[in-house]
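*Asks:* Just so it is clear, I am handing over model.txt, which has compact mmCIF, C-alpha atoms and all ligand atoms.
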```txt
# COMPACT_ATOMS: atom_id res chain seq x y z
CA MET A 2 -22.96 48.42 -20.54
CA ILE A 3 -24.20 48.17 -24.12
CA ASP A 4 -23.70 45.48 -26.69
CA TYR A 5 -22.51 45.75 -30.25
CA LYS A 6 -25.92 45.73 -31.92
CA ARG A 7 -27.20 48.41 -29.60
CA ALA A 8 -24.09 50.47 -30.29
CA VAL A 9 -24.79 50.26 -34.05
CA LYS A 10 -28.33 51.40 -33.41
CA ASN A 11 -27.06 54.31 -31.30
CA ILE A 12 -24.86 55.38 -34.18
CA THR A 13 -27.54 55.10 -36.90
CA ASP A 14 -30.10 56.80 -34.61
CA ARG A 15 -27.69 59.64 -34.01
CA ARG A 16 -27.17 60.01 -37.76
CA ARG A 17 -30.92 60.22 -38.34
CA ALA A 18 -31.22 62.82 -35.57
CA ASP A 19 -28.39 64.85 -37.14
CA LEU A 20 -30.15 64.78 -40.53
CA ASP A 21 -33.50 65.70 -38.95
CA ALA A 22 -31.87 68.61 -37.17
CA GLY A 23 -30.40 69.78 -40.49
CA LEU A 24 -33.78 69.56 -42.15
CA GLU A 25 -35.32 71.56 -39.33
CA VAL A 26 -32.74 74.32 -39.77
CA TRP A 27 -33.55 74.43 -43.50
CA ARG A 28 -37.33 74.51 -42.98
CA ASN A 29 -37.05 77.28 -40.41
CA ALA A 30 -34.89 79.34 -42.70
CA LEU A 31 -37.34 78.90 -45.59
CA SER A 32 -40.34 79.85 -43.50
CA CYS A 33 -38.88 83.08 -42.18
CA ASN A 34 -36.87 84.28 -45.17
CA ALA A 35 -38.91 85.29 -48.25
CA GLU A 36 -35.88 85.81 -50.47
CA LEU A 37 -34.53 82.37 -49.68
CA HIS A 38 -37.96 80.86 -50.15
CA SER A 39 -38.46 82.32 -53.61
CA ALA A 40 -34.92 81.36 -54.67
CA TYR A 41 -35.68 77.83 -53.55
CA VAL A 42 -39.01 77.69 -55.44
CA LYS A 43 -37.27 78.99 -58.56
CA TYR A 44 -34.50 76.42 -58.17
CA GLN A 45 -37.03 73.60 -57.88
CA ASP A 46 -38.88 74.80 -61.01
CA GLU A 47 -35.67 74.89 -63.01
CA ALA A 48 -34.65 71.48 -61.68
CA ILE A 49 -37.96 70.00 -62.89
CA LYS A 50 -37.50 71.56 -66.34
CA ASN A 51 -33.99 70.19 -66.42
CA ALA A 52 -35.25 66.71 -65.54
CA GLN A 53 -37.81 66.96 -68.34
CA ARG A 54 -35.04 68.03 -70.74
CA LEU A 55 -36.71 71.38 -71.32
CA PRO A 56 -34.74 74.61 -71.70
CA ASN A 57 -33.87 75.84 -68.21
CA GLU A 58 -31.73 78.14 -66.10
CA LEU A 59 -30.75 75.62 -63.49
CA THR A 60 -27.19 76.81 -63.06
CA ALA A 61 -28.23 80.42 -62.51
CA ALA A 62 -31.02 79.33 -60.14
CA ARG A 63 -28.58 77.21 -58.16
CA ASP A 64 -26.20 80.14 -57.87
CA SER A 65 -28.93 82.49 -56.63
CA LEU A 66 -30.09 79.91 -54.13
CA ALA A 67 -26.54 79.51 -52.84
CA ALA A 68 -26.19 83.29 -52.61
CA ALA A 69 -29.48 83.62 -50.74
CA ALA A 70 -28.46 80.85 -48.34
CA LYS A 71 -25.14 82.54 -47.73
CA LYS A 72 -26.84 85.87 -47.12
CA ALA A 73 -29.13 84.17 -44.61
CA GLY A 74 -26.05 82.91 -42.75
CA LEU A 75 -26.73 79.25 -43.55
CA LYS A 76 -23.81 76.85 -43.76
CA LYS A 77 -23.97 73.60 -45.72
CA SER A 78 -22.82 71.71 -42.63
CA ASP A 79 -25.82 73.07 -40.67
CA ILE A 80 -28.27 71.79 -43.26
CA GLU A 81 -26.50 68.57 -44.18
CA PRO A 82 -24.46 67.69 -41.09
CA PRO A 83 -21.39 65.67 -42.06
CA CYS A 84 -21.15 62.05 -40.87
CA ARG A 85 -19.44 61.77 -37.52
CA CYS A 86 -17.46 58.74 -38.64
CA ASP A 87 -15.74 58.94 -42.01
CA LYS A 88 -14.91 55.25 -42.03
CA CYS A 89 -18.45 53.85 -41.89
CA LYS A 90 -20.40 57.00 -42.78
CA ASP A 91 -22.36 56.43 -39.56
CA SER A 92 -23.62 53.01 -40.69
CA GLY A 93 -21.67 51.16 -37.98
CA TYR A 94 -20.15 48.69 -40.44
CA VAL A 95 -17.13 48.59 -42.71
CA ASN A 96 -16.90 45.64 -45.12
CA GLY A 97 -19.39 43.68 -43.06
CA ARG A 98 -17.47 44.15 -39.79
CA TYR A 99 -18.16 46.46 -36.89
CA CYS A 100 -16.54 49.84 -37.41
CA GLY A 101 -14.06 51.20 -34.87
CA CYS A 102 -16.64 53.76 -33.76
CA VAL A 103 -18.97 50.93 -32.69
CA ILE A 104 -16.20 49.17 -30.80
CA LYS A 105 -15.29 52.42 -29.08
CA ASN A 106 -18.93 53.01 -28.20
CA VAL A 107 -19.16 49.57 -26.56
CA ILE A 108 -15.86 49.87 -24.72
CA THR A 109 -16.41 53.35 -23.35
CA SER A 110 -19.95 52.52 -22.21
CA ASN A 111 -18.51 50.18 -19.62
CA SER A 112 -16.22 51.70 -17.00
CA ASP A 113 -14.96 48.20 -16.17
CA ASN A 114 -13.00 48.40 -19.42
CA LEU A 115 -10.80 51.20 -18.13
CA THR A 116 -9.48 50.27 -14.74
CA LEU A 117 -6.12 52.03 -14.91
CA PRO A 118 -6.14 55.74 -14.06
CA LEU A 119 -5.39 58.22 -16.84
CA ALA A 120 -1.81 59.48 -16.82
CA ASP A 121 -0.19 62.09 -19.01
CA PHE A 122 2.80 60.54 -20.79
CA GLY A 123 4.98 63.66 -20.60
CA SER A 124 4.40 64.20 -16.87
CA ALA A 125 4.81 60.50 -16.08
CA ARG A 126 8.12 60.51 -17.90
CA SER A 127 9.39 63.66 -16.19
CA THR A 128 8.72 62.23 -12.73
CA ALA A 129 9.85 58.67 -13.50
CA PRO A 130 13.03 57.30 -11.91
CA LYS A 131 16.15 57.59 -14.10
CA THR A 132 16.36 53.81 -14.35
CA LEU A 133 13.20 53.86 -16.46
CA LYS A 134 14.53 56.29 -19.05
CA LYS A 135 15.25 53.59 -21.63
CA LEU A 136 11.87 52.02 -21.03
CA TYR A 137 10.12 55.36 -21.61
CA ASP A 138 12.12 55.84 -24.81
CA ALA A 139 11.06 52.41 -26.01
CA ALA A 140 7.47 53.16 -25.01
CA GLU A 141 7.57 56.37 -27.00
CA ASN A 142 8.72 54.48 -30.10
CA PHE A 143 5.96 51.95 -29.51
CA ILE A 144 3.36 54.74 -29.26
CA ASN A 145 4.70 56.50 -32.35
CA SER A 146 4.45 53.28 -34.35
CA PHE A 147 0.68 53.22 -33.73
CA PRO A 148 -1.40 52.06 -35.56
CA ASP A 149 0.76 50.27 -38.16
CA GLY A 150 3.78 49.00 -36.24
CA ASP A 151 5.39 45.63 -37.01
CA LYS A 152 5.63 44.77 -33.31
CA PRO A 153 2.40 45.86 -31.65
CA PHE A 154 3.39 44.21 -28.36
CA PHE A 155 5.08 45.80 -25.38
CA VAL A 156 6.08 44.19 -22.10
CA ILE A 157 6.97 46.22 -19.02
CA VAL A 158 9.04 44.14 -16.64
CA GLY A 159 10.03 45.26 -13.15
CA SER A 160 9.54 44.63 -9.47
CA SER A 161 6.61 46.27 -7.74
CA GLY A 162 6.80 49.94 -6.90
CA THR A 163 8.98 50.78 -9.90
CA GLY A 164 6.36 52.76 -11.78
CA LYS A 165 5.24 50.04 -14.19
CA THR A 166 1.56 50.77 -13.80
CA ILE A 167 2.04 54.52 -14.34
CA LEU A 168 3.96 53.82 -17.52
CA GLU A 169 1.27 51.44 -18.71
CA SER A 170 -1.46 53.99 -17.91
CA ALA A 171 0.51 56.68 -19.70
CA ILE A 172 0.85 54.54 -22.84
CA ALA A 173 -2.89 53.82 -22.82
CA THR A 174 -3.76 57.47 -22.19
CA GLU A 175 -1.46 58.73 -24.93
CA LEU A 176 -2.88 56.23 -27.45
CA MET A 177 -6.43 57.16 -26.45
CA GLN A 178 -5.57 60.80 -27.07
CA ARG A 179 -4.56 59.70 -30.54
CA GLY A 180 -7.98 58.16 -31.08
CA ALA A 181 -7.43 54.56 -29.97
CA ALA A 182 -10.12 52.60 -28.15
CA ALA A 183 -8.35 51.15 -25.12
CA VAL A 184 -9.18 48.45 -22.62
CA THR A 185 -7.06 48.43 -19.47
CA ILE A 186 -7.59 45.61 -17.02
CA SER A 187 -5.73 43.72 -14.33
CA ALA A 188 -4.53 40.21 -15.07
CA PHE A 189 -6.89 39.12 -12.31
CA GLU A 190 -9.87 40.60 -14.19
CA PHE A 191 -8.62 39.16 -17.47
CA VAL A 192 -8.72 35.66 -16.02
CA LYS A 193 -12.14 36.30 -14.49
CA ARG A 194 -13.54 37.31 -17.88
CA ALA A 195 -11.83 34.39 -19.59
CA LYS A 196 -13.27 32.01 -17.02
CA ASP A 197 -16.79 33.45 -17.35
CA TYR A 198 -16.54 33.30 -21.12
CA HIS A 199 -15.18 29.77 -21.02
CA THR A 200 -17.94 28.45 -18.77
CA GLN A 201 -20.90 30.52 -20.02
CA PHE A 202 -20.03 31.38 -23.57
CA ALA A 203 -23.60 31.00 -24.81
CA ILE A 204 -24.68 34.07 -22.85
CA ASP A 205 -24.37 37.39 -24.63
CA ASP A 206 -23.19 39.38 -21.62
CA TYR A 207 -20.04 37.33 -21.37
CA VAL A 208 -19.33 37.79 -25.05
CA ASP A 209 -19.78 41.51 -24.58
CA LEU A 210 -17.25 41.50 -21.78
CA PHE A 211 -14.79 39.30 -23.58
CA THR A 212 -14.82 40.59 -27.16
CA PRO A 213 -13.72 44.16 -26.34
CA MET A 214 -10.41 42.62 -25.27
CA LEU A 215 -10.01 41.28 -28.80
CA ASP A 216 -11.49 44.25 -30.65
CA CYS A 217 -10.02 47.27 -28.88
CA ASP A 218 -7.11 49.12 -30.52
CA VAL A 219 -4.96 48.78 -27.44
CA LEU A 220 -5.27 46.23 -24.64
CA CYS A 221 -3.30 46.77 -21.43
CA ILE A 222 -3.04 43.89 -18.98
CA ASP A 223 -1.67 45.00 -15.64
CA ASP A 224 0.33 42.93 -13.19
CA LEU A 225 0.57 39.67 -15.07
CA GLY A 226 1.72 36.90 -12.75
CA THR A 227 -0.61 37.83 -9.89
CA GLU A 228 -3.63 36.08 -11.41
CA ALA A 229 -4.80 32.57 -10.68
CA MET A 230 -3.37 29.86 -12.93
CA LEU A 231 -6.59 28.09 -13.89
CA LYS A 232 -6.32 24.88 -15.83
CA ASN A 233 -7.46 25.25 -19.49
CA VAL A 234 -8.14 28.95 -18.95
CA THR A 235 -5.31 31.27 -17.93
CA ARG A 236 -2.57 30.15 -20.30
CA GLU A 237 -4.95 29.23 -23.13
CA TYR A 238 -6.94 32.46 -23.15
CA LEU A 239 -3.89 34.60 -22.65
CA TYR A 240 -2.31 32.92 -25.63
CA SER A 241 -5.41 33.14 -27.80
CA VAL A 242 -6.07 36.81 -27.02
CA ILE A 243 -2.44 37.91 -27.41
CA ASN A 244 -1.99 35.82 -30.54
CA GLU A 245 -5.17 36.96 -32.22
CA ARG A 246 -4.34 40.58 -31.46
CA TRP A 247 -0.82 40.08 -32.82
CA LEU A 248 -2.19 38.58 -36.04
CA ARG A 249 -4.66 41.44 -36.40
CA LYS A 250 -1.81 43.90 -35.70
CA LYS A 251 -3.58 45.29 -32.67
CA TYR A 252 -1.57 46.82 -29.84
CA THR A 253 -1.10 44.99 -26.57
CA VAL A 254 0.78 46.11 -23.45
CA VAL A 255 1.54 43.81 -20.53
CA SER A 256 3.16 44.73 -17.23
CA THR A 257 4.56 42.13 -14.89
CA ASN A 258 6.62 41.63 -11.75
CA LEU A 259 8.03 38.43 -13.17
CA THR A 260 11.50 38.18 -14.62
CA PRO A 261 11.69 37.26 -18.31
CA ASP A 262 12.69 33.70 -17.36
CA ALA A 263 9.82 33.35 -14.90
CA LEU A 264 7.47 34.72 -17.55
CA LEU A 265 8.55 32.06 -20.04
CA SER A 266 8.30 29.24 -17.55
CA ARG A 267 4.88 30.31 -16.27
CA TYR A 268 3.21 30.92 -19.64
CA GLY A 269 5.34 28.94 -22.05
CA GLU A 270 7.50 30.03 -24.96
CA ALA A 271 4.63 30.47 -27.38
CA ILE A 272 3.16 33.59 -25.85
CA PHE A 273 6.16 35.78 -25.32
CA SER A 274 9.33 34.56 -26.98
CA ARG A 275 8.86 35.58 -30.60
CA ARG A 276 7.07 38.80 -29.76
CA CYS A 277 9.70 40.18 -27.40
CA ASP A 278 13.25 41.32 -28.00
ZN ZN B 301 -17.71 54.22 -37.86
```
When written as structure tokens, how does the structure in this file appear?
*Replies:*
Amino acid sequence: MIDYKRAVKNITDRRRADLDAGLEVWRNALSCNAELHSAYVKYQDEAIKNAQRLPNELTAARDSLAAAAKKAGLKKSDIEPPCRCDKCKDSGYVNGRYCGCVIKNVITSNSDNLTLPLADFGSARSTAPKTLKKLYDAAENFINSFPDGDKPFFVIVGSSGTGKTILESAIATELMQRGAAAVTISAFEFVKRAKDYHTQFAIDDYVDLFTPMLDCDVLCIDDLGTEAMLKNVTREYLYSVINERWLRKKYTVVSTNLTPDALLSRYGEAIFSRRCD
């Protein structure tokens, strides 16, 4: 389990290590390749003259250096390794917020965040009962709308043993294969985290367990309706998490044994009505 700040440090440390490795490749090449070395010395001389606005042959020197590097089998990406994350350029932040790569780092460092098994969408669909065909079609549209869909909310309703969990796992797996950071948890665990957060919110660990549910690209809550109905917690946190994710256009999947009517009466209109067709 790692927290957000440590994840940022992991990412910036890794960037520094990548750059150091590139520098090492370059130094090694210079030390064992006389032609490359002299082309580099020449290039530096010309670059200094150019900086001093003296007559120079910088362009020609740059070309010979590039040719010598090519001849030595050096690639630019070996010497200057590209950033691993294009969005934050391995800084960990985009516009003052944690980058998706940081969030992913935090989420994947904790196996508690992925409690559903992985399931291939295509195989799950081919072995699913015929009665679920429409649901799989709808799920496929939902997946294909990622990450910019207007309705990033999907509810899987059905009695137990009908393959709900497999479908939910398959949606999460497919979205992860498309690069999403997913959190899959049972409703029971959701309420446990909400309760811990609610009662101990000053402690960092609880924040680190709770915030991935807000920050992940896709949150799957399994078996809603089986969790304890805690006063001031269950309904309130479910609403706040689902609502915040909806407003931030983040994807949420919920599976439940409850009928749509039972769902509305247990959690209230606010959570489900306007988000479901
Ligand atoms: Zn990033």
*Asks:* Which is closer to ligand ZN 301 (chain B) than all the others in A:Leu37, A:Cys89, A:Ala67, A:Leu248, using all atoms listed in the file?
*Replies:*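 Residue with the minimum atom-to-atom distance to ligand ZN 301 (chain B): A:Cys89.
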*Asks:* Near segment 39-56 of chain A, within 6 Å and counting all atoms listed in the file, which residues show up once chain neighbours fewer than 4 positions away are dropped, as a list in words?
*Replies:*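 Answer for this query is Ala62, Arg63 and Leu66 of chain A.
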*Asks:* Taking only C-alpha atoms into account, name the residue in A:Arg179, A:Arg267, A:Arg15, A:Arg126 that is nearest to Arg85 of chain A.
*Replies:*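 Closest candidate: A:Arg15.
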*Asks:* Between chain A and ligand ZN 301 (chain B), at 6 Å or less, what are the per-residue closest atom pairs and their distances in Å? Count only C-alpha atoms and all ligand atoms, order by chain and rising residue number, and return it as a tab-separated table.
*Replies:*
```
residue	atom	partner	partner_atom	distance
A:Cys86	CA	B:ZN301	ZN	4.6
A:Lys88	CA	B:ZN301	ZN	5.1
A:Cys89	CA	B:ZN301	ZN	4.1
A:Asp91	CA	B:ZN301	ZN	5.4
A:Gly93	CA	B:ZN301	ZN	5.0
A:Cys100	CA	B:ZN301	ZN	4.6
A:Gly101	CA	B:ZN301	ZN	5.6
A:Cys102	CA	B:ZN301	ZN	4.3
```
*Asks:* With distances taken over all atoms listed in the file, which residue among A:Asp218, A:Gln201, A:Leu168, A:Ile80 lies nearest Asp121 of chain A?
*Replies:*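 Comparing A:Asp218, A:Gln201, A:Leu168, A:Ile80 against Asp121 of chain A, the winner is A:Leu168.
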*Asks:* With 3 Å added on each side, what axis-aligned box encloses every listed atom of segment 100-105 of chain A? Give the centre and edge lengths in Å to one decimal, as JSON.
*Replies:*
```
{"center_x": -16.5, "center_y": 51.5, "center_z": -33.2, "size_x": 10.9, "size_y": 10.6, "size_z": 14.3}
```
*Asks:* Ranking A:Leu24, A:Ala35, A:Val192, A:Ala73 by minimum distance to Met230 of chain A and counting all atoms listed in the file, which one comes first?
*Replies:* A:Val192
*Asks:* Would you list the contacts of Asn106 of chain A as a list in words, taking every protein, DNA or RNA residue within 10 Å and counting only C-alpha atoms, but skipping same-chain residues closer than 6 positions in sequence?
*Replies:*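 Contacts, with the query itself left out: Met2, Ile3, Asp4, Tyr5, Arg7, Ala8, Val9, Asn11, Ile12 and Ala182 of chain A.
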*Asks:* Please provide as a PyMOL selection string all residues within 12 Å of Ser127 of chain A, with the sequence filter that same-chain residues fewer than 5 positions apart are discarded (counting only C-alpha atoms).
*Replies:* chain A and resi 120-122+133-134+137-138+167-168+171
*Asks:* Point out the residue among A:Phe155, A:Phe191, A:Tyr99, A:Tyr94 with the least atom-to-atom distance to Glu141 of chain A, counting all atoms listed in the file.
*Replies:*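 The answer is A:Phe155, which sits nearest to Glu141 of chain A.
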*Asks:* Given all atoms listed in the file as the basis, pick out the residue of A:Val184, A:Leu20, A:Ile243, A:Ile144 nearest to Ser112 of chain A.
*Replies:*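 For Ser112 of chain A, the nearest of the candidates is A:Val184.
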*Asks:* Quick one: distance from atom CA of His199 of chain A to atom CA of Lys165 of chain A in Å, one decimal?
*Replies:* 29.6 Å
*Asks:* Would you mind listing what lies within 9 Å of Lys90 of chain A as a ChimeraX atom specification, with all atoms listed in the file counted and same-chain residues fewer than 6 positions away left out?
*Replies:* /A:16,83-84
*Asks:* Tell me, as a ChimeraX atom specification, which residues lie within 9 Å of Thr257 of chain A, counting all atoms listed in the file; anything in the same chain fewer than 3 positions away does not count.
*Replies:* /A:156-161,165,222-227,260,264
